[in-house]
Amino acid sequence: MFEAIGNEYLVPFDGAFSVGEAATKPPEDAPGKKKNKEQLEDMIDEMRDLQRMLFAHDKYSLLLVFQAMDAAGKDGTIRAVMSGVNPAGVQVFSFKVPTPEELDHDFLWRTTVRLPERGRIGIFNRSYYEEVLVVRVNPKFLGYQKLPYDIDLENIWEERFKSIRDHEKHLARNGMVVLKFWLNVSKEEQRQRFLDRIEEPEKNWKFSSSDVEVRSRWDDYMHAYEEVLQATSRLWAPWYAIPADSKPYMRAQVAEIIVKTMRSLGLAYPTVDEKARAELLEMKEVLEG
Ligand code: ATP
Ligand code: MG
């Protein structure tokens, strides 16, 4: 099975993760904006080649899950990281409030039907993790989920963690490489970005009053994130908690983790055996007339 690459932002697998200790800013000695951008470019170049190989190899698929508070930069990171790869090999899905059709299924259904095929990269902008984040902070959402049993708020989150772990382990056993990124923005940086969205007319569309409501539950969200990352970061489906207060740094870190993971898979172009090679040479003769 796939094994996570080490990295300073890798969330430990033993449940020791603490939101309070997770950095929202780059380290003091981190390279500056310009260097981050160069690094991102290099990573994107390499990702382009690795993606081609992933596609030709056709055994693994890559699932990138992005979760974050509003304005942490999910969309921009997805755009930056994917800017270089062949659009035919990558699909992005955003998950919002579930539709009636989605609510007619179990909570893993809507994402499961959108998982990437072998050889492809799938990106989830939000995911089944909303089911233990926004739904946990607002348990009233459970009321719409048509659950057949009495809801036991004491145990339901632990049960869902177990469902998610089992699900991801199953995916890993079958060749899916699941990387999960929590873009960890500070409350103060979010405030600044919301203010920018209000002040700059061309950013107004990005802001909604519900963003402020969610922000008012900040501590509840942080508590939910902490338990989620503790319960679901595993060797075969790691979480990375990436400082998000500097966008160039965050993007470079995310790209580097993706590239290093892809490198670690030992991807190779399929080789052609002697017989097939001989057939190709025959074709060549035919084509050359
Ligand atoms: P943007 O960056 O454009 O604001 P977004 O991902 O925040 O993108 P919105 O339409 O603003 O998109 O928000 C989607 C909302 O749907 C979020 O508040 C999210 O928590 C909520 N949501 C996602 N999945 C679920 C779920 N399973 N149950 C309830 N709410 C959900
Ligand atoms: Mg939003």
# chains A, B, ... in the order shown; residues from 1 in each chain; ligands from 1

$ closest_atom_pairs --of "chain A" --to "ligand 2" --cutoff "8 Å" --atoms "only C-alpha atoms and all ligand atoms" --output "Markdown table"
| residue | atom | partner | partner_atom_place_in_ligand_line | distance |
| --- | --- | --- | --- | --- |
| A:Asp70 | CA | ligand 2 | 1 (Mg) | 5.6 |
| A:Ala71 | CA | ligand 2 | 1 (Mg) | 7.7 |
| A:Lys206 | CA | ligand 2 | 1 (Mg) | 7.3 |
| A:Phe207 | CA | ligand 2 | 1 (Mg) | 7.3 |
| A:Ser208 | CA | ligand 2 | 1 (Mg) | 7.1 |
| A:Ser210 | CA | ligand 2 | 1 (Mg) | 7.9 |
| A:Asp211 | CA | ligand 2 | 1 (Mg) | 6.3 |

$ residues_near_ligand --ligand "ligand 1" --cutoff "9 Å" --atoms "only C-alpha atoms and all ligand atoms" --output "PyMOL selection string"
chain A and resi 67-75+94-98+103+107+125-135+138+141-142+205-208+210-211+214

$ write_last_selection --atoms "N, CA and C atoms" --output "CSV table (one decimal), in the first residue's frame"
chain,number,residue,atom,x,y,z
A,67,GLN,N,-9.5,20.9,2.6
A,67,GLN,CA,-10.4,21.4,3.6
A,67,GLN,C,-9.8,22.7,4.2
A,68,ALA,N,-10.7,23.6,4.5
A,68,ALA,CA,-10.1,24.8,5.2
A,68,ALA,C,-11.3,25.7,5.6
A,69,MET,N,-11.0,26.7,6.5
A,69,MET,CA,-11.9,27.7,6.8
A,69,MET,C,-12.0,28.6,5.5
A,70,ASP,N,-13.1,29.4,5.5
A,70,ASP,CA,-13.3,30.3,4.3
A,70,ASP,C,-12.1,31.3,4.2
A,71,ALA,N,-11.7,31.6,3.0
A,71,ALA,CA,-10.7,32.5,2.6
A,71,ALA,C,-9.3,32.0,2.9
A,72,ALA,N,-9.2,30.8,3.2
A,72,ALA,CA,-7.8,30.2,3.5
A,72,ALA,C,-7.0,30.1,2.1
A,73,GLY,N,-7.8,30.0,1.0
A,73,GLY,CA,-7.1,29.9,-0.3
A,73,GLY,C,-7.2,28.6,-1.0
A,74,LYS,N,-8.3,27.9,-0.7
A,74,LYS,CA,-8.5,26.5,-1.4
A,74,LYS,C,-8.5,26.7,-2.9
A,75,ASP,N,-9.3,27.6,-3.4
A,75,ASP,CA,-9.5,27.7,-4.8
A,75,ASP,C,-8.2,28.1,-5.5
A,94,SER,N,-16.4,20.4,-6.4
A,94,SER,CA,-16.6,21.2,-5.2
A,94,SER,C,-17.9,20.6,-4.5
A,95,PHE,N,-17.8,20.4,-3.2
A,95,PHE,CA,-19.0,19.9,-2.5
A,95,PHE,C,-19.6,20.9,-1.6
A,96,LYS,N,-20.9,21.2,-1.9
A,96,LYS,CA,-21.6,22.2,-1.1
A,96,LYS,C,-22.7,21.6,-0.3
A,97,VAL,N,-23.6,22.3,0.2
A,97,VAL,CA,-24.7,21.8,0.9
A,97,VAL,C,-25.4,20.6,0.1
A,98,PRO,N,-25.6,19.4,0.6
A,98,PRO,CA,-26.0,18.3,-0.2
A,98,PRO,C,-27.4,18.5,-0.8
A,103,LEU,N,-28.9,13.5,-0.3
A,103,LEU,CA,-29.3,13.1,1.0
A,103,LEU,C,-30.1,11.8,1.0
A,107,PHE,N,-23.5,9.0,3.6
A,107,PHE,CA,-22.7,10.3,3.5
A,107,PHE,C,-21.5,10.2,2.6
A,125,ASN,N,-12.7,19.9,-3.6
A,125,ASN,CA,-12.7,21.1,-2.9
A,125,ASN,C,-13.9,21.0,-1.9
A,126,ARG,N,-13.5,20.7,-0.6
A,126,ARG,CA,-14.4,20.2,0.4
A,126,ARG,C,-14.7,18.7,0.0
A,127,SER,N,-15.3,18.0,1.0
A,127,SER,CA,-15.3,16.5,0.7
A,127,SER,C,-16.3,15.9,1.8
A,128,TYR,N,-16.2,14.6,1.9
A,128,TYR,CA,-16.9,13.9,3.0
A,128,TYR,C,-16.5,14.4,4.4
A,129,TYR,N,-15.4,15.1,4.5
A,129,TYR,CA,-15.0,15.6,5.8
A,129,TYR,C,-15.9,16.7,6.3
A,130,GLU,N,-16.7,17.3,5.4
A,130,GLU,CA,-17.7,18.3,5.9
A,130,GLU,C,-18.7,17.6,6.8
A,131,GLU,N,-18.8,16.3,6.7
A,131,GLU,CA,-19.8,15.5,7.5
A,131,GLU,C,-19.4,15.4,8.9
A,132,VAL,N,-18.1,15.7,9.2
A,132,VAL,CA,-17.6,15.7,10.6
A,132,VAL,C,-17.0,17.1,11.0
A,133,LEU,N,-17.3,18.0,10.1
A,133,LEU,CA,-16.9,19.4,10.4
A,133,LEU,C,-18.1,20.3,10.5
A,134,VAL,N,-18.6,20.8,9.3
A,134,VAL,CA,-19.8,21.7,9.4
A,134,VAL,C,-21.0,21.0,10.1
A,135,VAL,N,-21.1,19.7,9.8
A,135,VAL,CA,-22.3,19.0,10.4
A,135,VAL,C,-22.1,18.8,11.9
A,138,ASN,N,-22.9,22.1,13.4
A,138,ASN,CA,-24.3,22.4,13.3
A,138,ASN,C,-25.1,21.0,13.2
A,141,PHE,N,-28.0,19.7,10.8
A,141,PHE,CA,-27.9,19.1,9.4
A,141,PHE,C,-28.2,17.6,9.5
A,142,LEU,N,-27.9,17.0,10.6
A,142,LEU,CA,-28.2,15.5,10.7
A,142,LEU,C,-29.7,15.2,10.5
A,205,TRP,N,-18.0,39.6,-4.7
A,205,TRP,CA,-18.7,38.4,-5.0
A,205,TRP,C,-18.3,37.2,-4.2
A,206,LYS,N,-17.0,37.3,-3.7
A,206,LYS,CA,-16.5,36.2,-2.9
A,206,LYS,C,-17.0,36.2,-1.5
A,207,PHE,N,-17.6,37.3,-1.1
A,207,PHE,CA,-18.0,37.4,0.3
A,207,PHE,C,-19.5,37.2,0.5
A,208,SER,N,-19.8,36.4,1.6
A,208,SER,CA,-21.2,36.3,1.9
A,208,SER,C,-21.4,36.4,3.4
A,210,SER,N,-22.9,34.6,5.4
A,210,SER,CA,-22.8,33.4,6.1
A,210,SER,C,-21.3,33.1,6.5
A,211,ASP,N,-20.4,33.7,5.7
A,211,ASP,CA,-19.0,33.6,6.1
A,211,ASP,C,-18.7,34.1,7.5
A,214,VAL,N,-20.1,31.6,10.1
A,214,VAL,CA,-19.2,30.5,10.3
A,214,VAL,C,-18.0,30.9,11.2

$ residues_around --residues "A:Ala16" --least-positions-apart "6" --cutoff "10 Å" --atoms "only C-alpha atoms" --output "PyMOL selection string"
chain A and resi 226-227+229-231

$ write_last_selection --atoms "C-alpha atoms" --output "compact mmCIF listing (two decimals), in the first residue's frame"
# COMPACT_ATOMS: atom_id res chain seq x y z
CA GLU A 226 -8.40 18.85 15.64
CA GLU A 227 -10.39 15.69 16.28
CA LEU A 229 -7.06 15.26 11.90
CA GLN A 230 -6.21 13.19 14.97
CA ALA A 231 -8.64 10.44 14.03

$ residues_around --residues "stretch 116-124 of chain A" --least-positions-apart "2" --cutoff "8 Å" --atoms "only C-alpha atoms" --output "PyMOL selection string"
chain A and resi 51+54-66+78+89-95+114+126-127+175-176

$ closest_residue --among "A:Asp219, A:Asp104, A:Glu256, A:Glu158" --to "A:Met47" --atoms "only C-alpha atoms"
A:Glu256

$ select_by_dssp --residues "stretch 7-227 of chain A" --states "strand (DSSP E)" --output "list in words"
Ser61, Leu62, Leu63, Leu64, Val65, Phe66, Gln67, Ala68, Val90, Gln91, Val92, Phe93, Ser94, Ile121, Gly122, Ile123, Phe124, Asn125, Met176, Val177, Val178, Leu179, Lys180, Phe181, Trp182, Leu183 and Asn184 of chain A

$ select_by_dssp --residues "stretch 220-270 of chain A" --states "alpha helix (DSSP H)" --output "PyMOL selection string"
chain A and resi 220-232+247-264
